[in-house]
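Coordinates as given in input_35.txt (compact mmCIF, C-alpha atoms):
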```
# COMPACT_ATOMS: atom_id res chain seq x y z
CA GLY A 1 -9.75 235.17 -183.16
CA ALA A 2 -6.78 233.84 -185.14
CA SER A 3 -6.39 233.94 -188.90
CA ASN A 4 -5.09 230.86 -190.72
CA THR A 5 -4.23 230.18 -194.35
CA ALA A 6 -3.82 226.60 -195.61
CA LYS A 7 -3.32 224.83 -198.91
CA ALA A 8 -5.93 222.11 -198.29
CA ILE A 9 -7.82 220.48 -195.42
CA ASN A 10 -8.81 216.80 -195.37
CA VAL A 11 -10.75 215.70 -192.29
CA ALA A 12 -10.75 211.93 -191.47
CA THR A 13 -8.23 210.62 -193.99
CA VAL A 14 -8.10 207.05 -192.60
CA ALA A 15 -10.85 204.47 -192.97
CA GLY A 16 -12.58 203.93 -189.61
CA GLN A 17 -11.25 207.21 -188.24
CA THR A 18 -13.55 209.75 -186.57
CA ALA A 19 -12.49 213.39 -186.60
CA ALA A 20 -13.88 216.90 -186.14
CA TYR A 21 -12.76 220.39 -187.15
CA GLU A 22 -14.35 223.57 -185.79
CA VAL A 23 -14.00 227.25 -186.66
CA ALA A 24 -15.28 229.47 -183.84
CA GLY A 25 -14.22 233.01 -184.65
CA GLY A 26 -11.30 234.36 -186.63
CA SER A 27 -10.79 233.34 -190.24
CA LEU A 28 -9.71 230.32 -192.26
CA SER A 29 -8.62 230.64 -195.88
CA LEU A 30 -7.68 227.97 -198.44
CA THR A 31 -5.64 229.25 -201.35
CA GLY A 32 -6.00 228.62 -205.09
CA THR A 33 -7.62 225.40 -206.29
CA ASN A 34 -7.13 223.55 -203.01
CA SER A 35 -10.20 221.96 -201.45
CA LEU A 36 -11.90 221.19 -198.16
CA VAL A 37 -12.71 217.48 -197.80
CA VAL A 38 -15.04 216.47 -194.95
CA GLY A 39 -15.19 212.70 -194.46
CA ASP A 40 -12.40 211.67 -196.82
CA LEU A 41 -12.17 207.96 -195.89
CA GLY A 42 -13.52 208.04 -192.35
CA THR A 43 -16.27 209.91 -190.49
CA SER A 44 -15.94 213.61 -189.80
CA THR A 45 -17.68 216.90 -189.10
CA PHE A 46 -16.61 220.41 -190.07
CA THR A 47 -18.39 223.08 -188.01
CA LEU A 48 -18.49 226.86 -188.41
CA THR A 49 -20.10 228.65 -185.47
CA SER A 50 -18.71 232.15 -186.07
CA GLY A 51 -15.97 233.84 -188.05
CA THR A 52 -15.13 233.46 -191.73
CA VAL A 53 -14.18 230.56 -193.97
CA SER A 54 -13.01 231.46 -197.47
CA LEU A 55 -12.19 228.86 -200.14
CA GLY A 56 -11.09 229.07 -203.75
CA SER A 57 -12.22 227.04 -206.76
CA GLY A 58 -11.24 223.64 -205.31
CA GLY A 59 -14.64 223.39 -203.68
CA VAL A 60 -15.99 221.38 -200.76
CA TRP A 61 -16.35 217.58 -200.84
CA VAL A 62 -18.50 215.92 -198.17
CA GLY A 63 -18.47 212.11 -197.82
CA ASP A 64 -15.79 211.79 -200.40
CA ALA A 65 -13.42 208.95 -201.26
CA THR A 66 -15.34 205.69 -200.65
CA ASN A 67 -18.90 204.48 -200.14
CA THR A 68 -18.17 204.13 -196.40
CA ALA A 69 -17.01 207.75 -196.01
CA VAL A 70 -19.35 209.89 -193.89
CA GLY A 71 -19.11 213.68 -193.76
CA THR A 72 -21.12 216.49 -192.20
CA LEU A 73 -20.69 220.19 -192.96
CA ASP A 74 -22.41 222.18 -190.21
CA ILE A 75 -22.68 225.96 -190.68
CA GLN A 76 -24.34 227.53 -187.65
CA GLY A 77 -23.24 231.14 -188.13
CA GLY A 78 -20.56 233.35 -189.58
CA SER A 79 -19.71 233.44 -193.28
CA PHE A 80 -18.68 230.47 -195.43
CA THR A 81 -17.64 231.18 -199.03
CA SER A 82 -16.40 228.82 -201.76
CA THR A 83 -16.14 229.85 -205.40
CA GLY A 84 -16.09 226.13 -206.29
CA THR A 85 -18.80 223.48 -206.09
CA LEU A 86 -20.17 222.01 -202.87
CA VAL A 87 -20.40 218.26 -203.58
CA VAL A 88 -22.55 216.44 -201.02
CA ALA A 89 -21.83 212.68 -201.02
CA THR A 90 -19.15 212.27 -203.67
CA ARG A 91 -19.07 208.50 -203.13
CA GLY A 92 -20.35 208.02 -199.57
CA THR A 93 -22.82 209.71 -197.22
CA GLY A 94 -22.90 213.48 -196.97
CA THR A 95 -24.99 215.86 -194.88
CA VAL A 96 -24.94 219.66 -195.01
CA ASN A 97 -26.69 221.76 -192.36
CA VAL A 98 -26.86 225.54 -192.73
CA THR A 99 -28.86 226.88 -189.79
CA GLY A 100 -27.52 230.42 -189.56
CA GLY A 101 -25.21 232.98 -191.11
CA PHE A 102 -24.29 233.17 -194.78
CA ALA A 103 -23.09 230.43 -197.10
CA THR A 104 -21.98 230.95 -200.71
CA PHE A 105 -21.00 228.27 -203.24
CA GLY A 106 -20.34 228.32 -206.96
CA SER A 107 -22.97 225.57 -207.19
CA ILE A 108 -24.33 222.73 -205.05
CA SER A 109 -24.39 219.11 -206.25
CA LEU A 110 -26.13 216.31 -204.37
CA GLY A 111 -24.17 213.23 -205.44
CA HIS A 112 -21.39 212.93 -208.01
CA ALA A 113 -20.78 210.89 -211.16
CA ALA A 114 -17.72 209.29 -209.49
CA GLY A 115 -19.92 207.20 -207.18
CA THR A 116 -23.13 205.20 -207.09
CA GLY A 117 -25.84 204.73 -204.47
CA GLN A 118 -24.75 207.73 -202.42
CA SER A 119 -26.87 209.44 -199.78
CA ALA A 120 -26.92 213.26 -199.90
CA THR A 121 -28.99 215.43 -197.55
CA VAL A 122 -29.04 219.23 -197.34
CA ASN A 123 -30.89 220.94 -194.48
CA LEU A 124 -31.22 224.72 -194.86
CA GLY A 125 -32.66 226.77 -192.01
CA ALA A 126 -32.81 230.49 -191.24
CA ALA A 127 -29.75 231.38 -193.29
CA THR A 128 -28.91 232.96 -196.63
CA VAL A 129 -27.48 230.48 -199.13
CA THR A 130 -26.13 231.75 -202.44
CA ALA A 131 -25.40 229.47 -205.39
CA GLY A 132 -25.52 229.25 -209.17
CA SER A 133 -27.68 226.12 -208.93
CA ILE A 134 -28.72 223.24 -206.65
CA THR A 135 -28.93 219.98 -208.58
CA GLY A 136 -28.93 216.24 -207.99
CA GLN A 137 -26.93 213.53 -209.73
CA SER A 138 -29.01 210.48 -210.68
CA VAL A 139 -26.34 208.03 -209.43
CA ALA A 140 -27.15 209.07 -205.84
CA THR A 141 -30.01 207.11 -204.25
CA THR A 142 -30.90 209.91 -201.84
CA ARG A 143 -30.83 213.53 -202.98
CA ALA A 144 -32.85 215.39 -200.34
CA LEU A 145 -33.26 219.12 -199.76
CA TYR A 146 -35.18 220.56 -196.80
CA LEU A 147 -35.95 224.28 -196.50
CA ASP A 148 -37.14 226.06 -193.35
CA GLY A 149 -36.86 229.84 -193.20
CA THR A 150 -34.18 229.90 -195.89
CA THR A 151 -33.27 232.60 -198.37
CA LEU A 152 -31.97 231.03 -201.59
CA ARG A 153 -30.04 233.67 -203.53
CA ALA A 154 -29.12 233.15 -207.18
CA SER A 155 -25.63 234.05 -208.38
CA ALA A 156 -26.26 233.41 -212.10
CA THR A 157 -29.02 233.02 -214.65
CA SER A 158 -30.06 229.36 -214.78
CA ALA A 159 -32.79 227.35 -216.48
CA THR A 160 -32.01 224.51 -214.05
CA PHE A 161 -31.52 226.38 -210.79
CA LEU A 162 -33.20 223.62 -208.79
CA GLN A 163 -33.64 220.15 -210.27
CA ASP A 164 -33.15 216.36 -210.13
CA LEU A 165 -33.70 215.88 -206.39
CA THR A 166 -35.50 212.88 -204.93
CA THR A 167 -37.02 215.12 -202.24
CA ALA A 168 -37.42 218.88 -201.88
CA GLU A 169 -39.65 219.98 -199.01
CA ILE A 170 -40.56 223.35 -197.52
CA ALA A 171 -41.30 223.45 -193.79
CA ASP A 172 -43.06 225.99 -191.56
CA GLY A 173 -40.46 228.75 -192.04
CA GLY A 174 -40.92 228.72 -195.81
CA VAL A 175 -38.39 229.71 -198.43
CA THR A 176 -37.55 233.02 -200.09
CA PHE A 177 -36.06 232.98 -203.58
CA ASP A 178 -33.85 236.04 -204.07
CA THR A 179 -33.36 236.21 -207.84
CA ASN A 180 -30.70 238.89 -207.28
CA GLY A 181 -31.03 240.31 -210.81
CA PHE A 182 -31.04 236.90 -212.57
CA ASP A 183 -33.71 234.83 -214.30
CA ILE A 184 -33.92 231.35 -212.73
CA THR A 185 -36.13 228.30 -213.14
CA ALA A 186 -36.90 225.72 -210.45
CA VAL A 187 -37.67 222.57 -212.43
CA GLN A 188 -37.82 220.59 -209.20
CA SER A 189 -41.20 219.82 -207.66
CA LEU A 190 -41.46 221.45 -204.24
CA GLY A 191 -43.32 219.43 -201.62
CA ALA A 192 -44.96 220.67 -198.45
CA ALA A 193 -43.69 219.50 -195.08
CA VAL A 194 -45.83 219.72 -191.93
CA GLY A 195 -46.67 223.38 -191.29
CA ASP A 196 -45.73 224.48 -194.81
CA GLY A 197 -44.59 228.11 -194.78
CA GLY A 198 -44.90 228.74 -198.51
CA ILE A 199 -42.76 230.53 -201.09
CA ASP A 200 -41.74 234.19 -201.39
CA LYS A 201 -39.77 235.94 -204.13
CA VAL A 202 -37.62 239.07 -203.82
CA GLY A 203 -35.10 240.86 -206.01
CA ALA A 204 -34.93 241.84 -209.66
CA GLY A 205 -35.15 239.06 -212.24
CA MET A 206 -37.72 236.36 -212.97
CA LEU A 207 -38.49 233.23 -210.96
CA THR A 208 -40.19 230.39 -212.83
CA LEU A 209 -41.56 227.40 -210.93
CA SER A 210 -42.11 224.71 -213.57
CA GLY A 211 -42.39 221.63 -211.34
CA ALA A 212 -45.56 220.09 -209.91
CA ASN A 213 -45.60 222.11 -206.69
CA GLN A 214 -47.80 221.69 -203.62
CA HIS A 215 -48.01 225.46 -203.05
```
Since I need it in another form, could you write the structure as structure tokens?
Amino acid sequence: GASNTAKAINVATVAGQTAAYEVAGGSLSLTGTNSLVVGDLGTSTFTLTSGTVSLGSGGVWVGDATNTAVGTLDIQGGSFTSTGTLVVATRGTGTVNVTGGFATFGSISLGHAAGTGQSATVNLGAATVTAGSITGQSVATTRALYLDGTTLRASATSATFLQDLTTAEIADGGVTFDTNGFDITAVQSLGAAVGDGGIDKVGAGMLTLSGANQH
């Protein structure tokens, strides 16, 4: 139930190191442009089970500094907010799981121009995820998005709200696009996983699906 304020958090800052950081209740806040780095040089997991995590514009970097860095951001509940970008696999391997609660990011990037051959995977379950866009960077070999019971809520008008992923699949729980008063376009093709749950749309604003969708 404690409240903590920090300038920056880097988890696993030494090559070969394995580390974990968990927030289970209370609140954690990073000030200003400082960032959360999960899997800086080593292997690490950052887990939120309950409580609140609030970050500024420095963003979240998962699987960051080298091609051997491995990071996992695991949001199981509570509220996680970053006004900056969530970068999954900056140079290494990054996995993001959001299976409950609420997660908000300025935008979500699978891969980053600083690296090459990265592996980025985002698994979104029965949670509400808000972002300006979810896009892949072509330098990353794997740019995979899996949706199962997810509400994707737009935070800005975007003609490229969802694009440039190697895989984007919708499972049995389906996906709900909440346009939230904005006009957004999903350029990305949306595939059907086993037990495809389909696509719903709520909120004011227009949703355009311009990819070759299996729905």
Could you give me, as CSV, every segment 124-202 of chain A residue with an atom at most 7 Å from segment 111-117 of chain A, plus its closest atom pair and distance in Å to one decimal, counting all atoms listed in the file, rows ordered by chain then number?
```
residue,atom,partner,partner_atom,distance
A:Gly136,CA,A:Gly111,CA,6.2
A:Gln137,CA,A:Gly111,CA,5.1
A:Val139,CA,A:Thr116,CA,4.9
A:Ala140,CA,A:Gly117,CA,4.7
A:Thr141,CA,A:Gly117,CA,4.8
```
Which residues come within 9 Å of Tyr21 of chain A, counting only C-alpha atoms, excluding same-chain residues fewer than 2 positions away, as an MDAnalysis selection string? chainID A and resid 11 19 23 44:48
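Neighbourhood of point (-20.6, 231.1, -197.7): residues with an atom at most 6 Å away, counting all atoms listed in the file, are Ser79, Phe80, Thr81, Phe102, Ala103 and Thr104 of chain A.
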Each side padded by 4 Å, which centre and which edge lengths in Å (one decimal) define the axis-aligned box around the listed atoms of segment 149-167 of chain A? Give them as JSON.
```
{"center_x": -31.3, "center_y": 223.5, "center_z": -204.8, "size_x": 19.4, "size_y": 29.2, "size_z": 31.3}
```
Proximity check segment 21-119 of chain A to segment 161-182 of chain A, 12 Å, nearest pairs one decimal Å, all atoms listed in the file, as a Markdown table:
```
| residue | atom | partner | partner_atom | distance |
| --- | --- | --- | --- | --- |
| A:Thr99 | CA | A:Gly173 | CA | 12.0 |
| A:Gly106 | CA | A:Phe161 | CA | 12.0 |
| A:Ser107 | CA | A:Phe161 | CA | 9.3 |
| A:Ile108 | CA | A:Leu162 | CA | 9.7 |
| A:Ser109 | CA | A:Leu165 | CA | 9.9 |
| A:Leu110 | CA | A:Leu165 | CA | 7.8 |
| A:Gly111 | CA | A:Leu165 | CA | 9.9 |
| A:Ser119 | CA | A:Thr166 | CA | 10.6 |
```
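Atom CA of Val87 of chain A sits 8.6 Å away from atom CA of Asp64 of chain A.
Of the residues listed (A:Leu190, A:Leu41, A:Ala127, A:Leu36), A:Ala127 shows the shortest atom-to-atom separation from Ile75 of chain A; distances use all atoms listed in the file.
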One number please: atom CA of Thr85 of chain A to atom CA of Glu22 of chain A, in Å, one decimal. 20.8 Å
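If you look at atom CA of Ala131 of chain A and atom CA of Asn213 of chain A, they are 21.5 Å away from each other.
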If we count all atoms listed in the file, what is near Thr157 of chain A at a cut-off of 8 Å, once residues fewer than 3 positions away on the same chain are taken out, given as JSON, numbers by chain? {"A": [132, 154, 182, 183, 184]}
Grab the residues selected above and save them as a CSV table (one decimal), keeping the file's coordinate frame with C-alpha atoms.
```
chain,number,residue,atom,x,y,z
A,132,GLY,CA,-25.5,229.2,-209.2
A,154,ALA,CA,-29.1,233.2,-207.2
A,182,PHE,CA,-31.0,236.9,-212.6
A,183,ASP,CA,-33.7,234.8,-214.3
A,184,ILE,CA,-33.9,231.4,-212.7
```
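The closest residue to Trp61 of chain A, picked from A:Ala20, A:Ala159, A:Leu86, A:Ile199 and counting only C-alpha atoms, is A:Leu86.
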Using all atoms listed in the file, which protein or nucleic acid residues come within 6 Å of Thr83 of chain A? Drop anything in the same chain fewer than 5 positions from it, and give the result as an MDAnalysis selection string. chainID A and resid 56:57 105:106
Can you write out the residues you just picked, keeping C-alpha atoms, as a compact mmCIF listing (two decimals), in the coordinates of the input?
```txt
# COMPACT_ATOMS: atom_id res chain seq x y z
CA GLY A 56 -11.09 229.07 -203.75
CA SER A 57 -12.22 227.04 -206.76
CA PHE A 105 -21.00 228.27 -203.24
CA GLY A 106 -20.34 228.32 -206.96
```
Thr52 of chain A proximity check over A:Ser29, A:Thr121, A:Thr185, A:Ala89, using all atoms listed in the file: winner is A:Ser29
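Nearest-residue note for Thr128 of chain A: choosing from A:Ser27, A:Thr151, A:Ser189, A:Ser210, the minimum distance belongs to A:Thr151, counting all atoms listed in the file.
In terms of minimum interatomic distance to Leu147 of chain A, A:Val129 ranks closest within A:Val129, A:Val37, A:Leu30, A:Val187, counting all atoms listed in the file.
Counting all atoms listed in the file and comparing A:Val62, A:Leu55, A:Ala15, A:Val122, the residue that lies closest to Thr142 of chain A is A:Val122.
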With 6 Å as the threshold, what does the neighbourhood of (-13.9, 210.9, -195.7) contain in terms of residues, counting all atoms listed in the file? Coordinates are those of the file; answer as a VMD selection string. chain A and resid 12 to 13 38 to 43 63 to 65 69 to 70
How would segment 151-178 of chain A read, as a CSV table (one decimal), in the coordinates of the input, once N, CA and C atoms are built in?
```
chain,number,residue,atom,x,y,z
A,151,THR,N,-33.3,231.8,-197.2
A,151,THR,CA,-33.3,232.6,-198.4
A,151,THR,C,-32.3,232.0,-199.3
A,152,LEU,N,-32.8,231.6,-200.5
A,152,LEU,CA,-32.0,231.0,-201.6
A,152,LEU,C,-31.7,232.2,-202.6
A,153,ARG,N,-30.4,232.5,-202.7
A,153,ARG,CA,-30.0,233.7,-203.5
A,153,ARG,C,-29.3,233.2,-204.8
A,154,ALA,N,-29.8,233.6,-205.9
A,154,ALA,CA,-29.1,233.2,-207.2
A,154,ALA,C,-27.9,234.0,-207.4
A,155,SER,N,-26.8,233.3,-208.0
A,155,SER,CA,-25.6,234.0,-208.4
A,155,SER,C,-25.4,234.0,-209.9
A,156,ALA,N,-26.4,233.5,-210.6
A,156,ALA,CA,-26.3,233.4,-212.1
A,156,ALA,C,-27.6,233.1,-212.7
A,157,THR,N,-27.8,233.4,-213.9
A,157,THR,CA,-29.0,233.0,-214.6
A,157,THR,C,-29.0,231.5,-214.9
A,158,SER,N,-30.1,230.8,-214.6
A,158,SER,CA,-30.1,229.4,-214.8
A,158,SER,C,-31.5,228.9,-215.1
A,159,ALA,N,-31.5,228.0,-216.1
A,159,ALA,CA,-32.8,227.4,-216.5
A,159,ALA,C,-33.0,226.1,-215.7
A,160,THR,N,-32.0,225.7,-214.9
A,160,THR,CA,-32.0,224.5,-214.0
A,160,THR,C,-31.5,224.8,-212.7
A,161,PHE,N,-32.0,225.9,-212.1
A,161,PHE,CA,-31.5,226.4,-210.8
A,161,PHE,C,-31.7,225.3,-209.7
A,162,LEU,N,-32.9,224.6,-209.8
A,162,LEU,CA,-33.2,223.6,-208.8
A,162,LEU,C,-33.8,222.4,-209.5
A,163,GLN,N,-33.1,221.3,-209.5
A,163,GLN,CA,-33.6,220.2,-210.3
A,163,GLN,C,-33.0,218.8,-209.8
A,164,ASP,N,-33.6,217.7,-210.2
A,164,ASP,CA,-33.2,216.4,-210.1
A,164,ASP,C,-32.9,215.9,-208.7
A,165,LEU,N,-33.8,216.3,-207.8
A,165,LEU,CA,-33.7,215.9,-206.4
A,165,LEU,C,-34.8,214.8,-206.1
A,166,THR,N,-34.5,213.9,-205.3
A,166,THR,CA,-35.5,212.9,-204.9
A,166,THR,C,-36.5,213.5,-204.0
A,167,THR,N,-36.1,214.4,-203.2
A,167,THR,CA,-37.0,215.1,-202.2
A,167,THR,C,-36.6,216.6,-202.1
A,168,ALA,N,-37.6,217.5,-202.2
A,168,ALA,CA,-37.4,218.9,-201.9
A,168,ALA,C,-38.7,219.4,-201.1
A,169,GLU,N,-38.5,219.6,-199.8
A,169,GLU,CA,-39.6,220.0,-199.0
A,169,GLU,C,-39.5,221.3,-198.3
A,170,ILE,N,-40.6,222.0,-198.2
A,170,ILE,CA,-40.6,223.4,-197.5
A,170,ILE,C,-41.3,223.2,-196.2
A,171,ALA,N,-40.7,223.6,-195.1
A,171,ALA,CA,-41.3,223.4,-193.8
A,171,ALA,C,-41.9,224.8,-193.4
A,172,ASP,N,-42.3,224.9,-192.1
A,172,ASP,CA,-43.1,226.0,-191.6
A,172,ASP,C,-42.4,227.4,-191.8
A,173,GLY,N,-41.1,227.5,-191.8
A,173,GLY,CA,-40.5,228.8,-192.0
A,173,GLY,C,-40.5,229.2,-193.5
A,174,GLY,N,-40.8,228.3,-194.4
A,174,GLY,CA,-40.9,228.7,-195.8
A,174,GLY,C,-39.6,228.9,-196.5
A,175,VAL,N,-39.6,229.4,-197.7
A,175,VAL,CA,-38.4,229.7,-198.4
A,175,VAL,C,-38.6,231.0,-199.2
A,176,THR,N,-37.5,231.8,-199.3
A,176,THR,CA,-37.6,233.0,-200.1
A,176,THR,C,-36.5,232.9,-201.2
A,177,PHE,N,-37.0,233.0,-202.4
A,177,PHE,CA,-36.1,233.0,-203.6
A,177,PHE,C,-35.7,234.4,-203.9
A,178,ASP,N,-34.4,234.7,-203.7
A,178,ASP,CA,-33.8,236.0,-204.1
A,178,ASP,C,-33.2,235.9,-205.4
```
